$ cat target_35.txt   # compact mmCIF, C-alpha atoms
# COMPACT_ATOMS: atom_id res chain seq x y z
CA MET A 1 26.42 -163.60 79.40
CA SER A 2 22.97 -162.49 78.40
CA SER A 3 22.04 -165.74 76.62
CA LEU A 4 22.70 -167.67 79.83
CA LYS A 5 20.24 -165.47 81.66
CA ALA A 6 17.71 -165.78 78.85
CA ILE A 7 17.87 -169.57 78.91
CA ARG A 8 17.51 -169.62 82.68
CA LYS A 9 14.38 -167.50 82.37
CA ARG A 10 12.86 -169.79 79.76
CA ILE A 11 13.52 -172.88 81.86
CA LYS A 12 11.78 -171.25 84.76
CA SER A 13 8.70 -170.34 82.73
CA VAL A 14 8.42 -173.80 81.16
CA LYS A 15 8.72 -175.33 84.62
CA SER A 16 5.80 -173.31 85.90
CA SER A 17 3.70 -174.29 82.85
CA GLU A 18 4.54 -177.89 83.60
CA LYS A 19 3.32 -177.48 87.14
CA ILE A 20 0.01 -176.07 85.91
CA THR A 21 -0.60 -178.77 83.31
CA LYS A 22 0.31 -181.44 85.83
CA ALA A 23 -2.17 -180.04 88.34
CA MET A 24 -4.89 -179.81 85.66
CA LYS A 25 -4.25 -183.40 84.72
CA MET A 26 -4.70 -184.54 88.31
CA VAL A 27 -7.91 -182.54 88.71
CA ALA A 28 -9.28 -183.94 85.43
CA ALA A 29 -8.39 -187.46 86.52
CA SER A 30 -10.29 -187.21 89.78
CA LYS A 31 -13.29 -185.57 88.10
CA LEU A 32 -13.19 -188.22 85.42
CA ARG A 33 -13.47 -190.98 87.98
CA LYS A 34 -16.64 -189.46 89.41
CA ALA A 35 -18.14 -188.73 86.00
CA GLN A 36 -17.35 -192.24 84.82
CA ASP A 37 -19.23 -193.76 87.76
CA GLU A 38 -22.22 -191.56 87.04
CA VAL A 39 -22.29 -192.57 83.38
CA ARG A 40 -22.09 -196.26 84.24
CA ALA A 41 -24.84 -195.99 86.85
CA ALA A 42 -27.22 -194.11 84.57
CA ARG A 43 -26.73 -196.20 81.42
CA PRO A 44 -29.02 -199.17 82.21
CA TYR A 45 -31.92 -196.84 83.01
CA ALA A 46 -31.53 -194.84 79.80
CA GLU A 47 -31.13 -198.01 77.74
CA GLN A 48 -34.18 -199.72 79.24
CA LEU A 49 -36.32 -196.64 78.78
CA ASP A 50 -35.09 -196.27 75.20
CA GLN A 51 -35.95 -199.90 74.44
CA VAL A 52 -39.38 -199.72 76.03
CA VAL A 53 -40.22 -196.52 74.15
CA GLY A 54 -38.74 -197.97 70.94
CA ARG A 55 -40.98 -201.02 71.16
CA LEU A 56 -43.92 -198.81 72.04
CA VAL A 57 -43.33 -196.58 69.01
CA LYS A 58 -42.98 -199.66 66.81
CA ARG A 59 -46.37 -200.84 68.00
CA LEU A 60 -47.94 -197.46 67.38
CA GLU A 61 -46.62 -197.25 63.80
CA LYS A 62 -49.57 -199.30 62.62
CA GLN A 63 -52.03 -196.71 63.81
CA SER A 64 -52.98 -194.45 60.92
CA GLU A 65 -52.88 -191.25 62.91
CA ALA A 66 -49.93 -190.31 65.09
CA PRO A 67 -51.13 -190.67 68.68
CA HIS A 68 -48.70 -188.02 69.91
CA PRO A 69 -46.95 -185.09 68.18
CA LEU A 70 -43.51 -186.28 69.31
CA LEU A 71 -44.03 -189.50 67.38
CA ASP A 72 -45.07 -188.20 63.98
CA LEU A 73 -42.73 -190.04 61.61
CA HIS A 74 -44.22 -188.87 58.34
CA ARG A 75 -42.91 -185.36 58.26
CA THR A 76 -41.28 -183.75 55.26
CA GLN A 77 -37.82 -183.11 56.77
CA ASN A 78 -37.74 -179.49 55.67
CA ARG A 79 -37.14 -177.90 59.04
CA ILE A 80 -34.37 -179.39 61.10
CA GLU A 81 -32.73 -178.37 64.34
CA LEU A 82 -29.30 -179.58 65.37
CA LEU A 83 -28.27 -179.56 69.03
CA VAL A 84 -24.52 -179.31 69.46
CA LEU A 85 -23.16 -180.48 72.80
CA THR A 86 -19.66 -179.19 73.51
CA SER A 87 -17.84 -178.11 76.66
CA ASP A 88 -17.81 -174.71 78.32
CA ARG A 89 -14.06 -174.68 78.78
CA GLY A 90 -11.09 -175.36 76.55
CA LEU A 91 -7.73 -177.02 77.13
CA CYS A 92 -9.09 -180.43 76.34
CA GLY A 93 -7.34 -181.30 73.10
CA ALA A 94 -9.43 -181.94 70.01
CA PHE A 95 -12.59 -182.58 72.05
CA ASN A 96 -14.53 -179.54 70.85
CA ALA A 97 -12.88 -179.36 67.44
CA ASN A 98 -14.09 -182.89 66.64
CA ILE A 99 -17.66 -182.06 67.60
CA ILE A 100 -17.68 -178.85 65.59
CA LYS A 101 -16.19 -180.59 62.57
CA LYS A 102 -18.89 -183.26 62.77
CA ALA A 103 -21.62 -180.63 63.17
CA GLN A 104 -20.36 -178.72 60.15
CA GLY A 105 -20.20 -181.95 58.16
CA PHE A 106 -23.81 -182.68 59.16
CA LEU A 107 -24.91 -179.21 58.09
CA ARG A 108 -23.18 -179.69 54.71
CA ASP A 109 -24.64 -183.16 54.15
CA MET A 110 -28.17 -182.16 55.06
CA ALA A 111 -28.18 -178.89 53.11
CA ARG A 112 -30.91 -178.63 50.46
CA PRO A 113 -32.21 -175.45 48.84
CA ASP A 114 -35.69 -175.86 50.32
CA ARG A 115 -34.50 -176.98 53.71
CA ASP A 116 -34.20 -174.80 56.76
CA ILE A 117 -31.62 -175.91 59.33
CA ARG A 118 -31.00 -174.13 62.59
CA ILE A 119 -28.77 -174.80 65.55
CA SER A 120 -28.96 -174.75 69.32
CA THR A 121 -25.75 -175.05 71.26
CA LEU A 122 -25.14 -176.54 74.66
CA GLY A 123 -21.78 -175.40 75.92
CA HIS A 124 -19.88 -172.21 75.28
CA LYS A 125 -17.25 -173.54 72.88
CA GLY A 126 -19.76 -174.72 70.33
CA TYR A 127 -21.54 -171.39 70.46
CA GLU A 128 -18.31 -169.48 69.87
CA ALA A 129 -17.46 -171.55 66.83
CA LEU A 130 -20.89 -171.93 65.21
CA SER A 131 -22.25 -168.43 65.79
CA LEU A 132 -19.83 -167.27 63.09
CA GLY A 133 -21.45 -169.58 60.53
CA SER A 134 -24.41 -168.86 58.30
CA HIS A 135 -26.98 -170.91 60.22
CA GLU A 136 -29.47 -169.43 62.60
CA ILE A 137 -28.78 -170.15 66.27
CA ARG A 138 -31.99 -170.56 68.24
CA THR A 139 -30.41 -170.43 71.65
CA ASN A 140 -27.33 -171.31 73.64
CA TYR A 141 -27.79 -173.25 76.84
CA ASP A 142 -24.87 -172.13 78.96
CA HIS A 143 -23.61 -173.49 82.29
CA ILE A 144 -25.57 -176.71 82.03
CA LEU A 145 -22.56 -178.94 81.98
CA GLU A 146 -20.80 -177.78 85.15
CA HIS A 147 -23.12 -179.90 87.24
CA PRO A 148 -25.32 -181.88 84.88
CA SER A 149 -28.59 -182.72 86.58
CA TYR A 150 -31.74 -184.48 85.49
CA LEU A 151 -33.71 -181.36 86.34
CA LYS A 152 -31.74 -179.20 83.91
CA ALA A 153 -31.98 -181.91 81.28
CA SER A 154 -35.75 -182.00 81.58
CA GLU A 155 -35.92 -178.21 81.30
CA VAL A 156 -33.98 -178.36 78.06
CA ALA A 157 -36.11 -181.30 76.89
CA GLU A 158 -39.26 -179.33 77.57
CA GLU A 159 -38.03 -176.35 75.55
CA VAL A 160 -36.88 -178.55 72.71
CA SER A 161 -40.17 -180.40 72.45
CA LYS A 162 -42.05 -177.11 72.67
CA ALA A 163 -39.97 -175.73 69.81
CA TYR A 164 -40.53 -178.96 67.91
CA ILE A 165 -44.29 -178.71 68.19
CA GLU A 166 -44.79 -174.97 67.94
CA ASP A 167 -42.24 -174.15 65.24
CA ASN A 168 -43.27 -177.14 63.19
CA LEU A 169 -39.83 -178.69 63.16
CA ASP A 170 -39.56 -181.94 61.25
CA SER A 171 -36.73 -183.44 63.23
CA VAL A 172 -34.22 -182.68 65.95
CA TYR A 173 -30.71 -184.14 65.95
CA LEU A 174 -28.05 -184.13 68.64
CA VAL A 175 -24.31 -184.33 68.11
CA TYR A 176 -22.19 -185.20 71.16
CA ASN A 177 -19.19 -187.14 72.42
CA GLU A 178 -20.00 -190.64 73.57
CA PHE A 179 -17.79 -191.87 76.39
CA LYS A 180 -15.85 -194.99 75.37
CA SER A 181 -12.99 -195.01 77.84
CA ALA A 182 -10.72 -192.55 79.63
CA ILE A 183 -8.63 -192.11 76.52
CA SER A 184 -11.15 -192.46 73.72
CA GLN A 185 -14.38 -190.72 72.80
CA LYS A 186 -16.61 -191.16 69.81
CA VAL A 187 -18.52 -188.34 68.16
CA VAL A 188 -22.11 -189.45 67.53
CA VAL A 189 -25.05 -187.89 65.72
CA LYS A 190 -28.34 -189.08 67.14
CA ARG A 191 -31.90 -188.31 66.14
CA LEU A 192 -33.87 -187.19 69.18
CA LEU A 193 -37.20 -186.33 67.58
CA PRO A 194 -39.37 -187.80 66.29
CA ILE A 195 -38.61 -190.76 68.50
CA MET A 196 -37.17 -193.70 66.59
CA PRO A 197 -38.98 -197.04 66.62
CA ALA A 198 -37.05 -200.10 67.82
CA GLU A 199 -35.32 -202.14 65.14
CA THR A 200 -37.02 -205.48 65.49
CA GLU A 201 -38.48 -207.86 62.96
CA GLU A 202 -40.94 -209.32 65.42
CA ASP A 203 -44.55 -208.57 64.82
CA LEU A 204 -45.55 -206.97 68.09
CA THR A 205 -49.11 -207.24 69.25
CA ASP A 206 -50.53 -204.13 70.83
CA TYR A 207 -50.15 -203.56 74.56
CA ILE A 208 -52.77 -203.31 77.19
CA TYR A 209 -52.36 -199.76 78.47
CA GLU A 210 -53.02 -198.75 82.03
CA PRO A 211 -53.97 -195.92 82.49
CA SER A 212 -55.03 -194.89 78.96
CA GLN A 213 -52.60 -194.83 76.05
CA LYS A 214 -52.79 -191.07 75.82
CA GLU A 215 -52.01 -190.49 79.50
CA LEU A 216 -49.08 -192.87 79.38
CA LEU A 217 -47.61 -191.27 76.25
CA ASP A 218 -48.00 -187.78 77.71
CA HIS A 219 -45.77 -188.78 80.62
CA LEU A 220 -43.47 -191.29 79.06
CA LEU A 221 -42.33 -189.42 75.94
CA PRO A 222 -41.11 -186.21 77.63
CA LYS A 223 -39.39 -188.38 80.23
CA HIS A 224 -37.71 -190.36 77.48
CA LEU A 225 -36.40 -187.21 75.81
CA ALA A 226 -35.13 -185.81 79.12
CA THR A 227 -33.40 -189.07 79.95
CA GLN A 228 -31.72 -189.23 76.55
CA LEU A 229 -30.46 -185.68 77.00
CA PHE A 230 -29.31 -186.31 80.57
CA GLN A 231 -27.42 -189.40 79.50
CA SER A 232 -25.68 -187.51 76.72
CA PHE A 233 -24.75 -184.72 79.20
CA LEU A 234 -23.12 -187.28 81.46
CA GLU A 235 -21.34 -188.97 78.57
CA SER A 236 -20.11 -185.65 77.27
CA VAL A 237 -18.83 -184.48 80.66
CA ALA A 238 -16.98 -187.75 81.25
CA SER A 239 -15.50 -187.54 77.75
CA GLU A 240 -14.44 -183.96 78.36
CA HIS A 241 -12.53 -184.87 81.52
CA GLY A 242 -10.96 -187.83 79.74
CA ALA A 243 -9.90 -185.64 76.82
CA ARG A 244 -8.55 -182.99 79.15
CA MET A 245 -6.62 -185.56 81.13
CA SER A 246 -4.83 -186.93 78.08
CA ALA A 247 -4.26 -183.46 76.62
CA MET A 248 -2.69 -182.29 79.87
CA ASP A 249 -0.66 -185.46 80.14
CA ASN A 250 0.76 -184.74 76.68
CA ALA A 251 1.45 -181.14 77.59
CA THR A 252 3.29 -182.19 80.76
CA ARG A 253 5.41 -184.61 78.77
CA ASN A 254 6.22 -181.98 76.15
CA ALA A 255 7.19 -179.51 78.86
CA LYS A 256 9.54 -182.06 80.35
CA GLU A 257 11.19 -182.57 76.97
CA VAL A 258 11.63 -178.85 76.47
CA ILE A 259 13.15 -178.52 79.93
CA THR A 260 15.66 -181.30 79.22
CA SER A 261 16.82 -179.77 75.95
CA LEU A 262 16.99 -176.28 77.47
CA THR A 263 19.03 -177.58 80.42
CA ILE A 264 21.56 -179.15 78.03
CA LYS A 265 21.77 -175.90 76.11
CA TYR A 266 22.22 -173.97 79.34
CA ASN A 267 25.05 -176.24 80.54
CA ARG A 268 26.80 -175.97 77.19
CA ALA A 269 26.63 -172.19 77.25
CA ARG A 270 27.91 -172.11 80.82
CA GLN A 271 30.80 -174.40 79.95
CA ALA A 272 31.63 -172.29 76.90
CA SER A 273 31.76 -169.12 78.97
CA ILE A 274 34.05 -170.77 81.55
CA THR A 275 36.36 -172.03 78.80
CA SER A 276 36.62 -168.65 77.14
CA GLU A 277 37.35 -166.97 80.49
CA LEU A 278 40.12 -169.49 81.18
CA VAL A 279 41.60 -168.91 77.74
CA GLU A 280 41.58 -165.17 78.37
CA ILE A 281 43.35 -165.54 81.75
CA ILE A 282 45.98 -167.94 80.39
CA SER A 283 46.73 -165.85 77.32
CA GLY A 284 46.95 -162.74 79.56
CA ALA A 285 49.47 -164.51 81.84
CA GLU A 286 51.48 -165.63 78.84
CA ALA A 287 51.67 -162.10 77.51
CA LEU A 288 53.11 -160.84 80.83
CA ALA A 289 55.76 -163.60 81.07
CA MET B 1 -40.01 -218.32 85.15
CA ILE B 2 -40.05 -214.66 84.32
CA GLU B 3 -37.13 -212.25 84.10
CA LEU B 4 -37.44 -209.22 86.36
CA GLU B 5 -35.27 -206.17 85.85
CA ILE B 6 -35.48 -202.99 87.95
CA VAL B 7 -33.53 -199.88 86.93
CA THR B 8 -33.34 -196.34 88.35
CA PRO B 9 -31.46 -193.28 87.05
CA THR B 10 -28.80 -193.56 89.75
CA ARG B 11 -28.24 -197.31 89.75
CA PRO B 12 -29.40 -200.58 88.23
CA LEU B 13 -31.02 -202.35 91.17
CA LEU B 14 -31.95 -205.87 90.23
CA LYS B 15 -31.93 -208.47 87.47
CA THR B 16 -33.23 -211.89 88.39
CA LEU B 17 -35.47 -214.78 87.44
CA CYS B 18 -38.58 -215.36 89.50
CA LYS B 19 -41.95 -217.08 89.43
CA SER B 20 -44.14 -214.01 89.80
CA VAL B 21 -44.01 -210.29 90.50
CA THR B 22 -46.51 -208.04 92.24
CA LEU B 23 -46.40 -204.39 91.22
CA PRO B 24 -48.15 -201.20 92.40
CA GLY B 25 -49.98 -200.13 89.22
CA SER B 26 -51.47 -196.65 88.97
CA ASP B 27 -54.94 -198.22 88.83
CA GLY B 28 -54.22 -200.74 91.56
CA GLU B 29 -51.88 -203.54 92.51
CA PHE B 30 -51.43 -206.37 90.00
CA GLN B 31 -49.44 -209.53 89.60
CA VAL B 32 -47.43 -210.65 86.58
CA LEU B 33 -46.96 -214.36 85.88
CA PRO B 34 -45.11 -215.96 82.95
CA GLY B 35 -47.13 -215.66 79.74
CA HIS B 36 -48.84 -212.42 80.74
CA VAL B 37 -50.25 -210.44 77.79
CA PRO B 38 -48.03 -207.54 76.61
CA MET B 39 -48.73 -204.58 78.82
CA LEU B 40 -47.42 -201.11 79.55
CA VAL B 41 -48.40 -199.76 82.95
CA GLY B 42 -47.79 -196.60 84.92
CA LEU B 43 -46.59 -197.33 88.46
CA LYS B 44 -47.23 -195.33 91.60
CA PRO B 45 -44.91 -195.32 94.63
CA GLY B 46 -45.30 -198.59 96.47
CA THR B 47 -44.02 -202.07 97.15
CA VAL B 48 -42.70 -204.53 94.61
CA GLN B 49 -42.88 -208.13 95.71
CA TYR B 50 -41.25 -211.15 94.10
CA GLU B 51 -40.75 -214.62 95.63
CA ASP B 52 -40.49 -213.73 99.35
CA LYS B 53 -38.57 -210.49 98.86
CA LYS B 54 -39.86 -206.95 98.97
CA LEU B 55 -38.58 -203.59 97.89
CA VAL B 56 -39.99 -200.12 97.56
CA ILE B 57 -40.08 -198.03 94.38
CA ALA B 58 -40.97 -194.47 93.41
CA ALA B 59 -43.29 -193.68 90.49
CA GLY B 60 -42.36 -195.18 87.12
CA TYR B 61 -43.39 -197.63 84.42
CA ALA B 62 -43.49 -201.36 83.92
CA GLU B 63 -43.42 -203.16 80.61
CA THR B 64 -43.98 -206.85 80.13
CA ASP B 65 -44.23 -209.21 77.16
CA GLY B 66 -44.87 -212.37 79.17
CA LYS B 67 -41.23 -213.43 79.29
CA ARG B 68 -39.71 -210.47 81.05
CA VAL B 69 -40.78 -207.53 83.20
CA ALA B 70 -38.89 -204.23 82.98
CA VAL B 71 -39.54 -201.85 85.88
CA ILE B 72 -38.28 -198.36 85.09
CA CYS B 73 -38.67 -196.07 88.08
CA GLU B 74 -37.22 -192.85 89.41
CA GLY B 75 -35.96 -194.41 92.61
CA ALA B 76 -35.94 -197.68 94.51
CA ALA B 77 -34.62 -199.03 97.79
CA TRP B 78 -34.30 -202.28 99.67
CA PRO B 79 -35.99 -202.39 103.10
CA HIS B 80 -32.62 -202.57 104.91
CA GLU B 81 -31.59 -199.28 103.30
CA ILE B 82 -34.50 -197.42 104.86
CA ASP B 83 -34.24 -195.80 108.27
CA LEU B 84 -37.66 -195.75 109.93
CA ALA B 85 -36.95 -192.89 112.34
CA SER B 86 -35.69 -190.49 109.70
CA GLU B 87 -38.55 -191.39 107.35
CA LYS B 88 -41.04 -190.65 110.14
CA THR B 89 -39.58 -187.24 110.87
CA LEU B 90 -39.58 -186.52 107.13
CA LEU B 91 -43.25 -187.50 106.97
CA GLU B 92 -44.08 -185.17 109.85
CA GLN B 93 -42.25 -182.31 108.16
CA LEU B 94 -44.07 -182.95 104.90
CA GLU B 95 -47.45 -183.09 106.62
CA ALA B 96 -46.74 -179.74 108.29
CA LYS B 97 -45.76 -178.36 104.89
CA LEU B 98 -48.97 -179.72 103.37
CA LEU B 99 -51.04 -177.81 105.94
CA GLN B 100 -49.28 -174.58 105.03
CA THR B 101 -49.70 -175.06 101.29
CA THR B 102 -52.88 -173.44 99.99
CA ALA B 103 -55.20 -175.09 97.53
CA GLU B 104 -54.47 -172.42 94.90
CA ASP B 105 -50.83 -173.38 94.70
CA GLU B 106 -51.67 -176.50 92.76
CA LYS B 107 -48.20 -177.34 91.52
CA ASN B 108 -46.65 -177.23 94.99
CA LEU B 109 -49.56 -179.09 96.52
CA LYS B 110 -49.17 -181.93 94.05
CA ALA B 111 -45.40 -182.07 94.64
CA VAL B 112 -45.84 -182.31 98.42
CA GLU B 113 -48.57 -184.92 98.05
CA ALA B 114 -46.33 -186.97 95.77
CA GLN B 115 -43.52 -186.77 98.31
CA ILE B 116 -45.83 -187.90 101.10
CA GLU B 117 -47.00 -190.77 98.96
CA SER B 118 -43.47 -192.01 98.38
CA VAL B 119 -42.47 -191.64 102.05
CA THR B 120 -45.59 -193.55 103.12
CA ALA B 121 -44.66 -196.26 100.64
CA ARG B 122 -41.17 -196.46 102.13
CA ILE B 123 -42.53 -196.77 105.66
CA SER B 124 -45.11 -199.39 104.70
CA VAL B 125 -42.49 -201.79 103.35
CA LEU B 126 -40.85 -202.14 106.77
$ encode --input "target_35.txt" --output "structure tokens"
Amino acid sequence: MSSLKAIRKRIKSVKSSEKITKAMKMVAASKLRKAQDEVRAARPYAEQLDQVVGRLVKRLEKQSEAPHPLLDLHRTQNRIELLVLTSDRGLCGAFNANIIKKAQGFLRDMARPDRDIRISTLGHKGYEALSLGSHEIRTNYDHILEHPSYLKASEVAEEVSKAYIEDNLDSVYLVYNEFKSAISQKVVVKRLLPIMPAETEEDLTDYIYEPSQKELLDHLLPKHLATQLFQSFLESVASEHGARMSAMDNATRNAKEVITSLTIKYNRARQASITSELVEIISGAEALA
Amino acid sequence: MIELEIVTPTRPLLKTLCKSVTLPGSDGEFQVLPGHVPMLVGLKPGTVQYEDKKLVIAAGYAETDGKRVAVICEGAAWPHEIDLASEKTLLEQLEAKLLQTTAEDEKNLKAVEAQIESVTARISVL
């Protein structure tokens, strides 16, 4: 019977899909473990640096003139750039869709007639989705997330701060997936520039700077931006592997279900064909008798 | 007592209470005691000393408000993690490289000099 053959073929193809999703799940799980360790190891550094710079910016707020272009808080907010951090590859569930939805929501919320918003994407998936929209895309940083390194992060940071200063941007935002645990990620929008002051009520007396304030700021602020970016790369990569792992786990489970129901169908059809053959033989024998 | 915390991009190294800390500031070594005035300092590669313990750090920053000291540096190591022989060969290689680098190639020259500085710092802590 042809339907028997067709069912057998389907079972075979679903089985091979199951093998693939299972293998992808294992690969994602082992990559996740590594990425998770990296995120955990890098977090204290990024947090400390963020706090130190936050307190520093808070102290500098009192000065009438901004001591550094990356700190100028009194801008008009008419030119904004949004960095969208997605993954290069798919098959990771709603990971990229969530980011893109959030980015589009941000673009809608921030839209004003006199405001100019443009986008830079990190990761291929975000570029694919957002290049179809009406907003200008400054650039797409591709292949950064395969092996996230501090060096690449500081290159991006340098370009972003250059764009910020030269193109007179008023602020730069980043939307990315923060790593919560292997099965949960949180989409966050963070303001990168100008650098946010720390939220503290304390009245902070000014520091003694050594070497001069200007020299320190020139080094510290680009480093801060690079570290923030690097940390978000790590978080995003770990989230991606986590998302892929659970997506592939689901796919494997679904494949198993499909195989079970197809096997039952196959057995029924086989039994039916045997029964009808038997009936044919018996009725044939009866006719001869 | 003062709270000392040392972090690097690859690992958090130390969080402890101590009586005083000596740090390699970019304008010279200095000591932080409880109640120090708020200060933000650039650090060069060198030795950090607290109580009777020593460790070596790469370039970075230190912030203090008199109650705590945060040392944020690109790398750090305990003395027992450093292998003298391999550091010495590395130093020799770098010195050879320095001789080959011309004065015009300023960026490279600075990079090699910075590397030598950090290797020297690592050797001196032993």
$ interface_residues --input "target_35.txt" --of "chain A" --to "chain B" --cutoff "6 Å" --atoms "only C-alpha atoms" --output "ChimeraX atom specification"
/A:41-42,45,207-210
$ residues_around --input "target_35.txt" --residues "Lys19 of chain A" --least-positions-apart "4" --cutoff "8 Å" --atoms "all atoms listed in the file" --output "list of chain:residue names"
A:Lys15, A:Ala23, A:Thr252
$ atom_distance --input "target_35.txt" --atom1 "atom CA of Val160 of chain A" --atom2 "atom CA of Leu225 of chain A"
9.2 Å
$ atom_distance --input "target_35.txt" --atom1 "atom CA of Tyr141 of chain A" --atom2 "atom CA of Gln231 of chain A"
16.4 Å
$ residues_around --input "target_35.txt" --residues "Val48 of chain B" --least-positions-apart "2" --cutoff "8 Å" --atoms "all atoms listed in the file" --output "mmCIF file with C-alpha atoms, keeping the file's coordinate frame"
data_model
loop_
_atom_site.group_PDB
_atom_site.id
_atom_site.type_symbol
_atom_site.label_atom_id
_atom_site.label_comp_id
_atom_site.auth_asym_id
_atom_site.auth_seq_id
_atom_site.Cartn_x
_atom_site.Cartn_y
_atom_site.Cartn_z
ATOM 1 C CA VAL B 21 -44.010 -210.290 90.500
ATOM 2 C CA THR B 22 -46.510 -208.040 92.240
ATOM 3 C CA LEU B 23 -46.400 -204.390 91.220
ATOM 4 C CA PRO B 24 -48.150 -201.200 92.400
ATOM 5 C CA GLY B 46 -45.300 -198.590 96.470
ATOM 6 C CA TYR B 50 -41.250 -211.150 94.100
ATOM 7 C CA LYS B 54 -39.860 -206.950 98.970
ATOM 8 C CA LEU B 55 -38.580 -203.590 97.890
ATOM 9 C CA VAL B 56 -39.990 -200.120 97.560
ATOM 10 C CA ILE B 57 -40.080 -198.030 94.380
#
$ build_atoms --input "target_35.txt" --residues "segment 59-74 of chain B" --atoms "N, CA and C atoms" --output "mmCIF file, keeping the file's coordinate frame"
data_model
loop_
_atom_site.group_PDB
_atom_site.id
_atom_site.type_symbol
_atom_site.label_atom_id
_atom_site.label_comp_id
_atom_site.auth_asym_id
_atom_site.auth_seq_id
_atom_site.Cartn_x
_atom_site.Cartn_y
_atom_site.Cartn_z
ATOM 1 N N ALA B 59 -42.450 -193.589 91.681
ATOM 2 C CA ALA B 59 -43.290 -193.680 90.490
ATOM 3 C C ALA B 59 -42.454 -194.088 89.269
ATOM 4 N N GLY B 60 -43.087 -194.754 88.315
ATOM 5 C CA GLY B 60 -42.360 -195.180 87.120
ATOM 6 C C GLY B 60 -43.259 -195.943 86.173
ATOM 7 N N TYR B 61 -42.647 -196.860 85.411
ATOM 8 C CA TYR B 61 -43.390 -197.630 84.420
ATOM 9 C C TYR B 61 -42.966 -199.084 84.476
ATOM 10 N N ALA B 62 -43.860 -199.960 84.061
ATOM 11 C CA ALA B 62 -43.490 -201.360 83.920
ATOM 12 C C ALA B 62 -43.945 -201.820 82.554
ATOM 13 N N GLU B 63 -43.064 -202.588 81.905
ATOM 14 C CA GLU B 63 -43.420 -203.160 80.610
ATOM 15 C C GLU B 63 -43.247 -204.658 80.718
ATOM 16 N N THR B 64 -44.176 -205.409 80.168
ATOM 17 C CA THR B 64 -43.980 -206.850 80.130
ATOM 18 C C THR B 64 -44.434 -207.413 78.787
ATOM 19 N N ASP B 65 -43.772 -208.504 78.373
ATOM 20 C CA ASP B 65 -44.230 -209.210 77.160
ATOM 21 C C ASP B 65 -44.504 -210.671 77.485
ATOM 22 N N GLY B 66 -44.585 -210.994 78.776
ATOM 23 C CA GLY B 66 -44.870 -212.370 79.170
ATOM 24 C C GLY B 66 -43.630 -213.172 79.497
ATOM 25 N N LYS B 67 -42.474 -212.738 78.972
ATOM 26 C CA LYS B 67 -41.230 -213.430 79.290
ATOM 27 C C LYS B 67 -40.371 -212.628 80.263
ATOM 28 N N ARG B 68 -40.503 -211.303 80.159
ATOM 29 C CA ARG B 68 -39.710 -210.470 81.050
ATOM 30 C C ARG B 68 -40.522 -209.264 81.520
ATOM 31 N N VAL B 69 -40.138 -208.724 82.662
ATOM 32 C CA VAL B 69 -40.780 -207.530 83.200
ATOM 33 C C VAL B 69 -39.682 -206.495 83.397
ATOM 34 N N ALA B 70 -39.847 -205.316 82.764
ATOM 35 C CA ALA B 70 -38.890 -204.230 82.980
ATOM 36 C C ALA B 70 -39.576 -203.191 83.850
ATOM 37 N N VAL B 71 -38.996 -202.899 85.009
ATOM 38 C CA VAL B 71 -39.540 -201.850 85.880
ATOM 39 C C VAL B 71 -38.588 -200.670 85.802
ATOM 40 N N ILE B 72 -39.101 -199.550 85.288
ATOM 41 C CA ILE B 72 -38.280 -198.360 85.090
ATOM 42 C C ILE B 72 -38.825 -197.295 86.024
ATOM 43 N N CYS B 73 -38.110 -197.012 87.113
ATOM 44 C CA CYS B 73 -38.670 -196.070 88.080
ATOM 45 C C CYS B 73 -37.628 -195.055 88.505
ATOM 46 N N GLU B 74 -38.129 -193.951 89.088
ATOM 47 C CA GLU B 74 -37.220 -192.850 89.410
ATOM 48 C C GLU B 74 -36.344 -193.141 90.618
#
